[in-house]
Every structure is written in C-alpha cells, then in structure tokens.
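*Asks:* Just upload-v3.cif, nothing more (mmCIF, C-alpha atoms and all ligand atoms):
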data_coords
loop_
_atom_site.label_atom_id
_atom_site.label_comp_id
_atom_site.auth_asym_id
_atom_site.auth_seq_id
_atom_site.Cartn_x
_atom_site.Cartn_y
_atom_site.Cartn_z
CA MET A 29 132.78 109.48 148.30
CA ASP A 30 129.19 110.66 148.40
CA ASN A 31 127.89 107.42 146.89
CA VAL A 32 129.42 105.19 149.59
CA THR A 33 127.59 104.68 152.90
CA PRO A 34 129.01 102.61 155.78
CA LEU A 35 126.34 100.31 157.22
CA GLY A 36 128.34 98.76 160.07
CA GLY A 37 129.93 95.32 160.21
CA ASP A 38 132.42 96.33 157.50
CA VAL A 39 129.56 96.56 155.00
CA TYR A 40 129.43 99.50 152.62
CA GLU A 41 126.48 100.45 150.45
CA ILE A 42 127.50 101.75 147.03
CA ASP A 43 125.07 103.74 144.91
CA THR A 44 125.88 102.33 141.47
CA ARG A 45 124.03 105.20 139.77
CA MET A 46 122.14 103.29 137.09
CA ALA A 47 121.77 105.55 134.05
CA GLY A 48 122.98 108.44 136.23
CA TYR A 49 120.09 108.18 138.73
CA SER A 50 120.82 108.25 142.45
CA GLY A 51 119.15 105.92 144.92
CA ILE A 52 117.95 103.34 142.40
CA THR A 53 120.56 100.56 142.31
CA ALA A 54 122.68 99.55 145.28
CA GLY A 55 125.76 97.36 145.32
CA TYR A 56 127.45 96.35 148.57
CA LEU A 57 131.06 95.79 149.54
CA ILE A 58 131.81 93.44 152.42
CA LEU A 59 135.28 94.53 153.44
CA GLY A 60 137.02 91.66 155.22
CA ASP A 61 140.15 89.64 154.56
CA ARG A 62 138.53 88.54 151.34
CA PRO A 63 136.61 91.58 150.05
CA CYS A 64 133.35 90.67 148.33
CA LEU A 65 131.18 92.81 146.04
CA VAL A 66 127.46 91.97 146.03
CA GLU A 67 125.82 93.23 142.78
CA THR A 68 127.82 95.13 140.18
CA GLY A 69 125.04 97.34 138.88
CA THR A 70 124.87 97.95 135.14
CA SER A 71 127.75 97.97 132.70
CA THR A 72 127.75 101.77 132.67
CA SER A 73 127.98 101.66 136.50
CA ALA A 74 131.26 99.74 136.44
CA PRO A 75 133.57 102.82 136.59
CA VAL A 76 131.43 104.22 139.44
CA VAL A 77 131.85 100.97 141.36
CA ARG A 78 135.60 100.86 140.68
CA ASP A 79 136.01 104.40 142.06
CA ALA A 80 133.97 103.48 145.14
CA LEU A 81 136.07 100.38 145.80
CA SER A 82 139.24 102.35 145.30
CA SER A 83 138.08 104.93 147.88
CA LEU A 84 137.64 102.01 150.31
CA GLY A 85 141.20 100.83 149.66
CA VAL A 86 140.30 97.91 147.40
CA GLY A 87 142.72 97.84 144.49
CA PRO A 88 142.80 95.76 141.30
CA ASP A 89 144.28 92.66 142.97
CA ASP A 90 142.34 92.91 146.24
CA LEU A 91 138.79 91.93 145.34
CA ALA A 92 138.28 88.22 146.11
CA THR A 93 134.67 87.72 145.06
CA VAL A 94 131.92 89.25 142.95
CA VAL A 95 128.48 87.74 143.57
CA VAL A 96 125.17 88.69 141.98
CA THR A 97 121.72 87.83 143.34
CA HIS A 98 120.54 87.25 139.77
CA ILE A 99 121.57 88.13 136.24
CA HIS A 100 119.12 90.92 135.36
CA LEU A 101 121.14 93.77 133.91
CA ASP A 102 120.54 96.22 136.76
CA HIS A 103 122.29 93.71 139.05
CA ALA A 104 124.80 91.90 136.84
CA GLY A 105 125.21 94.06 133.73
CA GLY A 106 128.64 95.17 134.96
CA VAL A 107 130.02 91.71 135.74
CA GLY A 108 132.18 91.47 132.61
CA ASP A 109 133.68 94.94 133.14
CA ILE A 110 134.23 94.39 136.88
CA ALA A 111 135.83 90.97 136.19
CA GLY A 112 138.21 92.81 133.86
CA TYR A 113 139.15 95.41 136.49
CA TYR A 114 139.71 92.78 139.21
CA PRO A 115 141.55 89.83 137.64
CA SER A 116 141.80 87.89 140.93
CA ALA A 117 138.09 87.94 141.67
CA GLU A 118 135.96 84.83 141.44
CA ILE A 119 132.54 85.48 139.89
CA VAL A 120 129.73 83.71 141.75
CA VAL A 121 126.20 83.25 140.40
CA HIS A 122 123.40 80.70 140.49
CA GLU A 123 123.91 77.81 138.09
CA LYS A 124 120.90 78.85 136.00
CA GLY A 125 122.58 82.20 135.29
CA ALA A 126 126.20 81.12 134.87
CA ARG A 127 126.23 80.44 131.14
CA HIS A 128 124.65 83.83 130.40
CA LEU A 129 127.54 85.61 132.12
CA ALA A 130 130.03 83.60 130.03
CA ASP A 131 128.05 84.21 126.83
CA PRO A 132 125.63 87.14 127.23
CA SER A 133 124.38 87.12 123.62
CA ARG A 134 120.99 85.55 124.33
CA LEU A 135 120.44 87.60 127.47
CA MET A 136 121.27 90.81 125.60
CA ALA A 137 119.01 89.85 122.67
CA SER A 138 116.02 89.28 124.95
CA ALA A 139 116.75 92.49 126.88
CA LYS A 140 116.82 94.33 123.56
CA MET A 141 113.35 92.98 122.79
CA VAL A 142 112.01 94.20 126.12
CA TRP A 143 113.76 97.58 126.32
CA GLY A 144 114.38 98.50 122.66
CA ASP A 145 116.11 101.85 122.23
CA LYS A 146 116.22 102.41 125.99
CA LEU A 147 118.56 99.44 126.51
CA ASP A 148 121.81 101.30 125.88
CA VAL A 149 120.93 104.28 128.04
CA LEU A 150 119.56 102.28 130.97
CA PHE A 151 121.90 99.30 131.07
CA GLY A 152 124.69 99.37 128.48
CA THR A 153 126.08 96.04 127.30
CA LEU A 154 126.97 93.04 129.48
CA ALA A 155 130.48 91.95 128.51
CA PRO A 156 131.36 88.22 128.63
CA THR A 157 133.32 86.73 131.53
CA ASP A 158 135.86 83.93 131.13
CA ALA A 159 133.92 80.79 132.08
CA ALA A 160 136.90 79.52 134.08
CA ARG A 161 136.41 82.39 136.54
CA ILE A 162 132.72 81.69 137.15
CA ARG A 163 131.58 79.54 140.08
CA ALA A 164 128.01 78.29 139.80
CA LEU A 165 125.87 77.92 142.92
CA GLY A 166 123.32 75.17 143.46
CA ASP A 167 120.41 75.36 145.92
CA THR A 168 122.86 76.45 148.59
CA GLY A 169 126.49 77.49 148.57
CA THR A 170 129.10 79.37 150.53
CA ILE A 171 131.37 82.34 149.87
CA ASP A 172 134.46 82.70 152.07
CA LEU A 173 134.74 86.27 153.37
CA GLY A 174 137.87 85.49 155.42
CA ASN A 175 138.42 85.07 159.19
CA GLY A 176 135.68 82.47 159.45
CA ARG A 177 133.04 84.84 158.08
CA THR A 178 130.89 83.50 155.26
CA LEU A 179 128.11 84.47 152.94
CA ALA A 180 125.65 81.60 152.52
CA SER A 181 123.59 81.51 149.35
CA HIS A 182 120.00 80.31 149.30
CA TYR A 183 118.20 79.66 146.03
CA SER A 184 115.19 82.00 145.94
CA PRO A 185 113.35 81.88 142.59
CA GLY A 186 110.00 83.53 141.81
CA HIS A 187 111.24 86.92 140.57
CA ALA A 188 113.81 85.16 138.40
CA LYS A 189 114.69 81.50 138.06
CA HIS A 190 118.39 82.27 138.70
CA HIS A 191 117.90 84.25 141.95
CA VAL A 192 119.71 83.70 145.24
CA GLY A 193 119.54 85.40 148.64
CA LEU A 194 122.82 85.79 150.55
CA LEU A 195 123.14 85.59 154.34
CA ASP A 196 126.18 87.05 156.15
CA SER A 197 127.25 84.83 159.07
CA HIS A 198 128.77 87.79 160.92
CA THR A 199 126.05 90.45 160.69
CA GLY A 200 122.93 88.41 159.89
CA ASP A 201 122.43 90.66 156.86
CA LEU A 202 120.35 89.09 154.12
CA TYR A 203 120.91 90.38 150.59
CA VAL A 204 117.44 89.98 149.12
CA GLY A 205 118.05 91.09 145.53
CA ASP A 206 114.57 91.58 144.01
CA ALA A 207 112.92 88.54 145.64
CA ALA A 208 111.23 90.68 148.30
CA GLY A 209 110.27 93.48 145.91
CA VAL A 210 111.42 97.08 145.52
CA TYR A 211 111.72 99.24 148.64
CA LEU A 212 111.75 103.03 148.65
CA PRO A 213 113.62 104.29 151.74
CA GLU A 214 112.31 107.84 151.25
CA THR A 215 108.71 106.76 151.87
CA GLY A 216 108.94 103.22 153.29
CA ASP A 217 106.93 101.96 150.31
CA LEU A 218 107.35 98.42 149.09
CA ARG A 219 106.13 97.19 145.72
CA PRO A 220 106.47 93.74 144.13
CA ALA A 221 108.74 93.05 141.17
CA THR A 222 107.02 90.44 139.01
CA PRO A 223 108.45 90.71 135.49
CA PRO A 224 108.11 88.15 132.71
CA PRO A 225 109.13 85.50 131.93
CA ASP A 226 109.97 83.82 135.25
CA PHE A 227 107.49 85.25 137.75
CA ASP A 228 105.58 82.55 139.65
CA LEU A 229 103.45 83.50 142.67
CA ASP A 230 103.74 80.27 144.63
CA VAL A 231 107.48 80.03 144.03
CA ALA A 232 107.96 83.70 144.97
CA LEU A 233 105.96 83.27 148.19
CA GLY A 234 108.07 80.20 148.97
CA SER A 235 111.23 82.29 148.66
CA ILE A 236 109.85 84.93 151.02
CA ALA A 237 108.96 82.18 153.51
CA LEU A 238 112.53 80.87 153.19
CA PHE A 239 113.91 84.35 153.89
CA THR A 240 111.71 84.58 157.00
CA ALA A 241 112.92 81.16 158.19
CA LEU A 242 116.54 82.31 157.88
CA LYS A 243 115.82 84.86 160.65
CA PRO A 244 117.98 87.64 159.23
CA GLN A 245 118.89 90.64 161.39
CA ARG A 246 118.59 93.08 158.53
CA LEU A 247 117.52 93.08 154.88
CA LEU A 248 119.70 94.73 152.24
CA PHE A 249 117.63 95.60 149.17
CA SER A 250 119.28 96.08 145.81
CA HIS A 251 116.51 98.66 145.33
CA TYR A 252 117.22 100.22 147.78
CA GLY A 253 119.20 100.00 150.97
CA PRO A 254 118.97 98.49 154.46
CA VAL A 255 115.80 97.63 156.38
CA ASP A 256 115.91 96.63 160.06
CA ASP A 257 112.21 95.89 160.44
CA VAL A 258 112.59 92.42 158.95
CA SER A 259 109.36 90.57 159.74
CA PRO A 260 106.89 93.35 158.88
CA ILE A 261 108.64 94.03 155.58
CA LEU A 262 108.73 90.38 154.53
CA GLU A 263 105.03 90.07 155.44
CA ARG A 264 104.38 93.16 153.34
CA SER A 265 106.33 91.58 150.45
CA ALA A 266 104.01 88.59 150.44
CA GLU A 267 100.90 90.76 150.80
CA GLU A 268 101.95 92.97 147.88
CA LEU A 269 102.41 89.93 145.65
CA ARG A 270 98.95 88.61 146.51
CA ILE A 271 97.28 91.97 145.89
CA TRP A 272 98.90 92.50 142.48
CA VAL A 273 98.09 88.95 141.43
CA ASP A 274 94.46 89.22 142.62
CA LEU A 275 93.93 92.48 140.76
CA THR A 276 95.55 91.15 137.60
CA LYS A 277 93.35 88.04 137.79
CA GLN A 278 90.33 90.31 138.10
CA ALA A 279 91.39 92.37 135.08
CA ARG A 280 91.90 89.19 133.12
CA ALA A 281 88.51 87.80 134.15
CA GLU A 282 86.95 91.05 132.90
CA GLY A 283 88.63 90.42 129.54
CA LEU A 284 90.84 93.53 129.67
CA ASP A 285 93.80 93.64 127.29
CA LEU A 286 97.26 94.28 128.72
CA ASP A 287 97.14 98.08 128.44
CA HIS A 288 93.77 98.31 130.15
CA ALA A 289 94.78 95.77 132.78
CA VAL A 290 97.90 97.83 133.56
CA ALA A 291 95.81 100.98 133.88
CA MET A 292 93.33 99.23 136.17
CA VAL A 293 95.97 97.68 138.44
CA ARG A 294 97.94 100.93 138.55
CA GLU A 295 94.84 102.85 139.59
CA ARG A 296 93.66 100.31 142.16
CA THR A 297 97.09 100.04 143.85
CA ARG A 298 97.99 103.74 143.76
CA GLU A 299 96.67 104.49 147.24
CA ARG A 300 98.95 101.85 148.76
CA TYR A 301 102.12 103.84 148.05
CA ALA A 302 102.95 107.14 149.69
CA ALA A 303 105.31 108.02 146.84
CA LEU A 304 102.49 107.74 144.28
CA ARG A 305 99.89 109.48 146.44
CA ALA A 306 102.23 112.43 146.84
CA GLY A 307 103.27 112.44 143.19
CA ASP A 308 106.72 112.21 144.71
CA ALA A 309 109.78 112.33 142.43
CA THR A 310 110.87 108.98 143.85
CA ALA A 311 107.82 107.39 142.22
CA GLU A 312 109.92 107.33 139.07
CA GLN A 313 112.04 104.63 140.71
CA PHE A 314 109.05 102.33 140.85
CA GLU A 315 108.37 102.83 137.16
CA LEU A 316 111.95 102.04 136.20
CA LEU A 317 112.43 99.00 138.43
CA SER A 318 109.01 97.49 139.06
CA GLY A 319 106.85 99.31 136.53
CA ALA A 320 103.18 98.41 136.41
CA PRO A 321 103.44 97.30 132.73
CA SER A 322 106.27 94.90 133.55
CA ASN A 323 104.62 93.62 136.74
CA VAL A 324 101.22 93.04 135.14
CA ALA A 325 102.77 91.45 132.04
CA GLY A 326 104.75 89.09 134.27
CA ILE A 327 101.67 88.07 136.24
CA MET A 328 99.63 87.63 133.02
CA HIS A 329 102.39 85.46 131.59
CA TRP A 330 102.35 83.27 134.69
CA LEU A 331 98.54 83.03 134.63
CA ASP A 332 98.70 81.95 130.97
CA LEU A 333 100.94 79.04 131.96
CA ILE A 334 98.67 77.69 134.70
CA PRO A 335 96.72 74.71 133.38
CA ARG A 336 92.99 75.19 133.69
ZN ZN B 1 116.42 94.70 139.96
#
Take the structure I supplied and represent it as structure tokens, if you would.
Ligand SMILES: [Zn+2]

*Replies:*
Amino acid sequence: MDNVTPLGGDVYEIDTRMAGYSGITAGYLILGDRPCLVETGTSTSAPVVRDALSSLGVGPDDLATVVVTHIHLDHAGGVGDIAGYYPSAEIVVHEKGARHLADPSRLMASAKMVWGDKLDVLFGTLAPTDAARIRALGDTGTIDLGNGRTLASHYSPGHAKHHVGLLDSHTGDLYVGDAAGVYLPETGDLRPATPPPDFDLDVALGSIALFTALKPQRLLFSHYGPVDDVSPILERSAEELRIWVDLTKQARAEGLDLDHAVAMVRERTRERYAALRAGDATAEQFELLSGAPSNVAGIMHWLDLIPR
C-alpha cells in the first residue's frame, strides 16, 4: 500500500491520513510475535489503519497491543474504533490519560471548545474503550513485543501531562510523540508543539533531556517520520522551545494581546523554517499541528501560572 513504508527492524510507518492529508500523522506497526501499533491516528483514520495492517498480514485477532504516546485526538482519536476491530489487543496509555479513553466525554467537550466546527472534519469522534482492556502506565512500563523484544515507556510530560516516549529494545527506536516537536521531513524543519493547557517549559526540557539520556538510535516522530540524526535534532527541540518562550515573554512584556503576540512570534520565527521561507505547501502541516496561535496560547497559559 502506498501509505505503508518499511523502516527496517520489522517496523512499518503508516500514514494515517488525518482529514485526508498525506504526511501529517504517522502511526507505526512493530511486526513481531506480538504485533504492536504505536498511535492510531484520528477516528476517521481507523479504516485507513485497518487496511494498512491487513496489507501487512495483521488480521482481527493478531494485534496484541495498541499504545499511544498521549491522548490528543491526532494520536489517540481512533483508539475506540481500533479496539473494536482488534478484540484481542490490549490498549496501553499513561495513567493520566487512561480514564479519558474509557470515557471520552470530557476530552471531546474540551476539544470541541478548542476546534469548534472543525472538530468533526479534522478528528471525528473518539469512541469509548472498555476499561477492562486498558492498561495504565506509570513513570515507566514495558510492552512485550515477543521473542524477548520490548518497548519501554518513559513518562515525558511538557507537551501534555499524559505523554510517554517509547524505546524499542531491539532497534533503539524512540517514539517521541509530540514531546520533541513537529518535524517536517521535506525540509528538515523542526518546530515546537506547546499547546494549552499542559505546556510547561521546564518540564518539556526535562523530557528532552530524558530522551537524550536514553541514547536512542533513531527518533520516530508522529509528525512526521524517522530521524537518524538524534543528538542535533533533540538539541534543536530544546532550542526551539526556548526561542518561542523568549519571544512570547517579550510580546507579553510589551502588553500585546494574544492575536498581536501570535503575529509577532510568527513573524520573528518565520526565517527559522525553510518551509515558511519558501511558502512551501508543507507549511500547512505546521499550522495544523503546531500552529502559532496554539503554541503562543499554550506558552501564555503557562506564563500566567508562574507565580511572580
Ligand atoms: Zn500531535
């Protein structure tokens, strides 16, 4: 299938085609004795993912595990549908996200407030998952991939308080979710993802430091794809966070309201990204997944919470 890319080590990248776009949301299948899907994509992506798994020989009773890095709808919106397609699969998520997968009503209500009319088109509706099938992860945890191979989870908040990174014992692949930002393979650009309400600079930098300490061989971004140049990209992740926070602080000190702060930060960071300099079509990916309004609002929200 044209949306499935083998990455070596029995790992397959699946373009989950959020809202019909290509190259925006990636899921991954680790195809061992106990096949494991990392990220489901959105609810509307679920049939796309099922077709991809089927093309890789994974039938309804074959999928052992579904794990999500966090419960934002572009990563976990399809969990309920996928759990329905694969009745044997255990659903694995950080403990701070588990209850929202069992009862998505609050998560969907807050997403509706953020996205309004765009919610249905972009994400669809997260269906509930039987709580008995959900396994909640603490600060660390392990997923059995079969044949002695494991996926180790590492709590990595900052982007979201229910975020984990996942390290493959066999390949050294680290699934970074959104904790290291949004990467555009077409241009090599990397931009931070700092949405409200959970973004916290110090916590996010701590998670990037943790990722560095894990010494992964390769990073697998949910947005989007593999990166071999691990250290430079993780350093860039931290640098991007600091720059966006510094500029937002500056806008705030100048008394700009949110709209003007967004315009200022957008303008002052534009030159950093080849996709934006070129007016490239891929720039649209940034606006959907780490849009300046969402990033600046998240940083402002965090700044509001800091005691002064
Ligand atoms: Zn995301």

*Asks:* Write out as a list in words each polymer residue whose atoms come within 8 Å of A:Cys64, counting only C-alpha atoms; drop sequence neighbours fewer than 6 positions from it.

*Replies:*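 The residues satisfying every condition are Leu57, Ile58, Leu91, Ala92, Thr93, Val94, Val95 and Leu173 of chain A.
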
*Asks:* Next, write the just-selected residues to a file, as an mmCIF file, keeping the file's coordinate frame, keeping C-alpha atoms as the atom set.

*Replies:*
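The resulting file, result.cif, is reproduced below:
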data_model
loop_
_atom_site.group_PDB
_atom_site.id
_atom_site.type_symbol
_atom_site.label_atom_id
_atom_site.label_comp_id
_atom_site.auth_asym_id
_atom_site.auth_seq_id
_atom_site.Cartn_x
_atom_site.Cartn_y
_atom_site.Cartn_z
ATOM 1 C CA LEU A 57 131.060 95.790 149.540
ATOM 2 C CA ILE A 58 131.810 93.440 152.420
ATOM 3 C CA LEU A 91 138.790 91.930 145.340
ATOM 4 C CA ALA A 92 138.280 88.220 146.110
ATOM 5 C CA THR A 93 134.670 87.720 145.060
ATOM 6 C CA VAL A 94 131.920 89.250 142.950
ATOM 7 C CA VAL A 95 128.480 87.740 143.570
ATOM 8 C CA LEU A 173 134.740 86.270 153.370
#

*Asks:* Just to confirm, what's the straight-line distance from atom CA of A:Thr168 to atom CA of A:Leu129 in Å (one decimal)?

*Replies:*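 One can read the atom CA of A:Thr168 to atom CA of A:Leu129 distance as 19.4 Å.
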
*Asks:* As a quick test: using only C-alpha atoms and all ligand atoms, which residues lie no more than 9 Å away from ligand ZN 1 (chain B)? Give them as a ChimeraX atom specification.

*Replies:* /A:53,98,100-103,205-206,209-210,221,250-251,317-318

*Asks:* Could you tell me how far atom CA of A:Leu194 sits from atom CA of A:Leu35, in Å to one decimal place?

*Replies:*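 Rounded to one decimal, the two atoms are 16.4 Å apart.
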
*Asks:* Considering only C-alpha atoms, return as a PyMOL selection string whatever protein or nucleic-acid residues lie within 9 Å of stretch 132-142 of chain A, sequence-local ones (same chain, fewer than 3 positions apart) excluded.

*Replies:* chain A and resi 99-101+127-129+145-148+153-157

*Asks:* Suppose we keep C-alpha atoms; can you now write the selection as a PDB file, in the coordinates of the input?

*Replies:*
ATOM      1  CA  ILE A  99     121.570  88.130 136.240  1.00  0.00           C
ATOM      2  CA  HIS A 100     119.120  90.920 135.360  1.00  0.00           C
ATOM      3  CA  LEU A 101     121.140  93.770 133.910  1.00  0.00           C
ATOM      4  CA  ARG A 127     126.230  80.440 131.140  1.00  0.00           C
ATOM      5  CA  HIS A 128     124.650  83.830 130.400  1.00  0.00           C
ATOM      6  CA  LEU A 129     127.540  85.610 132.120  1.00  0.00           C
ATOM      7  CA  ASP A 145     116.110 101.850 122.230  1.00  0.00           C
ATOM      8  CA  LYS A 146     116.220 102.410 125.990  1.00  0.00           C
ATOM      9  CA  LEU A 147     118.560  99.440 126.510  1.00  0.00           C
ATOM     10  CA  ASP A 148     121.810 101.300 125.880  1.00  0.00           C
ATOM     11  CA  THR A 153     126.080  96.040 127.300  1.00  0.00           C
ATOM     12  CA  LEU A 154     126.970  93.040 129.480  1.00  0.00           C
ATOM     13  CA  ALA A 155     130.480  91.950 128.510  1.00  0.00           C
ATOM     14  CA  PRO A 156     131.360  88.220 128.630  1.00  0.00           C
ATOM     15  CA  THR A 157     133.320  86.730 131.530  1.00  0.00           C
TER      16      THR A 157
END

*Asks:* Please produce, as CSV, a per-residue contact table for stretch 31-78 of chain A versus stretch 116-122 of chain A (criterion: any atom at most 10 Å away, only C-alpha atoms considered), showing the nearest atom pair and its distance in Å to one decimal, sorted by chain then residue number.

*Replies:*
residue,atom,partner,partner_atom,distance
A:Arg62,CA,A:Ala117,CA,9.7
A:Pro63,CA,A:Ala117,CA,9.3
A:Cys64,CA,A:Ala117,CA,8.6
A:Leu65,CA,A:Ala117,CA,9.5
A:Val66,CA,A:Val120,CA,9.6

*Asks:* Distance atom CA of A:Gly200-atom CA of A:Arg246, one decimal place?

*Replies:*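 We find that atom CA of A:Gly200 and atom CA of A:Arg246 lie 6.5 Å from each other.
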
*Asks:* With a distance cut-off of 10 Å and all atoms listed in the file, select the neighbouring residues of stretch 261-269 of chain A, excluding the residue or stretch itself and same-chain residues fewer than 5 positions from it, and output the selection as a short mmCIF file (atom, residue, chain, number, x, y, z; two decimals) with C-alpha atoms, in the coordinates of the input.

*Replies:*
data_model
loop_
_atom_site.label_atom_id
_atom_site.label_comp_id
_atom_site.auth_asym_id
_atom_site.auth_seq_id
_atom_site.Cartn_x
_atom_site.Cartn_y
_atom_site.Cartn_z
CA ALA A 207 112.92 88.54 145.64
CA ALA A 208 111.23 90.68 148.30
CA GLY A 209 110.27 93.48 145.91
CA VAL A 210 111.42 97.08 145.52
CA TYR A 211 111.72 99.24 148.64
CA GLY A 216 108.94 103.22 153.29
CA ASP A 217 106.93 101.96 150.31
CA LEU A 218 107.35 98.42 149.09
CA ARG A 219 106.13 97.19 145.72
CA PRO A 220 106.47 93.74 144.13
CA ALA A 221 108.74 93.05 141.17
CA THR A 222 107.02 90.44 139.01
CA LEU A 229 103.45 83.50 142.67
CA ASP A 230 103.74 80.27 144.63
CA ALA A 232 107.96 83.70 144.97
CA LEU A 233 105.96 83.27 148.19
CA GLY A 234 108.07 80.20 148.97
CA SER A 235 111.23 82.29 148.66
CA ILE A 236 109.85 84.93 151.02
CA ALA A 237 108.96 82.18 153.51
CA PHE A 239 113.91 84.35 153.89
CA THR A 240 111.71 84.58 157.00
CA LEU A 247 117.52 93.08 154.88
CA VAL A 255 115.80 97.63 156.38
CA ASP A 256 115.91 96.63 160.06
CA ASP A 274 94.46 89.22 142.62
CA THR A 297 97.09 100.04 143.85
CA ARG A 300 98.95 101.85 148.76
CA ASN A 323 104.62 93.62 136.74
CA ILE A 327 101.67 88.07 136.24
#

*Asks:* Within 6 Å of stretch 183-186 of chain A, counting only C-alpha atoms, which residues show up once you throw out same-chain ones fewer than 5 positions away? Write them as a list in words, please.

*Replies:*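 Neighbouring residues, sequence-local ones excluded: Asp167, His191, Val192, Phe227, Asp228, Val231, Ala232 and Ser235 of chain A.
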
*Asks:* Please return the centre and edge lengths, in Å to one decimal, of a box with edges along x, y and z that contains all listed atoms of stretch 62-73 of chain A, widened by 5 Å on every side, as AutoDock Vina command-line options.

*Replies:*
--center_x 131.7 --center_y 95.2 --center_z 142.0 --size_x 23.7 --size_y 23.2 --size_z 28.7

*Asks:* Would you please work out which residue, of A:Gln245, A:Tyr114, A:Asp43, A:Leu212, is nearest to A:Asp308 when using all atoms listed in the file?

*Replies:*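 With all atoms listed in the file as the atom set, the closest residue is A:Leu212.
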
*Asks:* Measuring between all atoms listed in the file, which one of A:Tyr203, A:Tyr113, A:Tyr56, A:Trp143 shows the shortest distance to A:Pro75?

*Replies:*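 Comparing A:Tyr203, A:Tyr113, A:Tyr56, A:Trp143 against A:Pro75, the winner is A:Tyr113.
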
*Asks:* So which one's closest to A:Thr310, A:Ile171, A:Val324, A:Ala241, A:Ile52? Using all atoms listed in the file, please.

*Replies:*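 Smallest separation from A:Thr310 among the options: A:Ile52.
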
*Asks:* Using only C-alpha atoms, find the one residue out of A:His198, A:Trp272, A:Ala111, A:Ala104 that sits nearest to A:Arg78.

*Replies:* A:Ala111

*Asks:* Choose the residue, out of A:Val39, A:Leu286, A:Ala159, A:Met46, that has the smallest atom-to-atom separation from A:Gln313; count all atoms listed in the file.

*Replies:*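 Nearest to A:Gln313: A:Met46.
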
*Asks:* Taking all atoms listed in the file into account, which of A:Asp90, A:Asp172, A:Glu312, A:Asp201 comes nearest A:Gly253?

*Replies:*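 Among the listed residues, A:Asp201 lies closest to A:Gly253.
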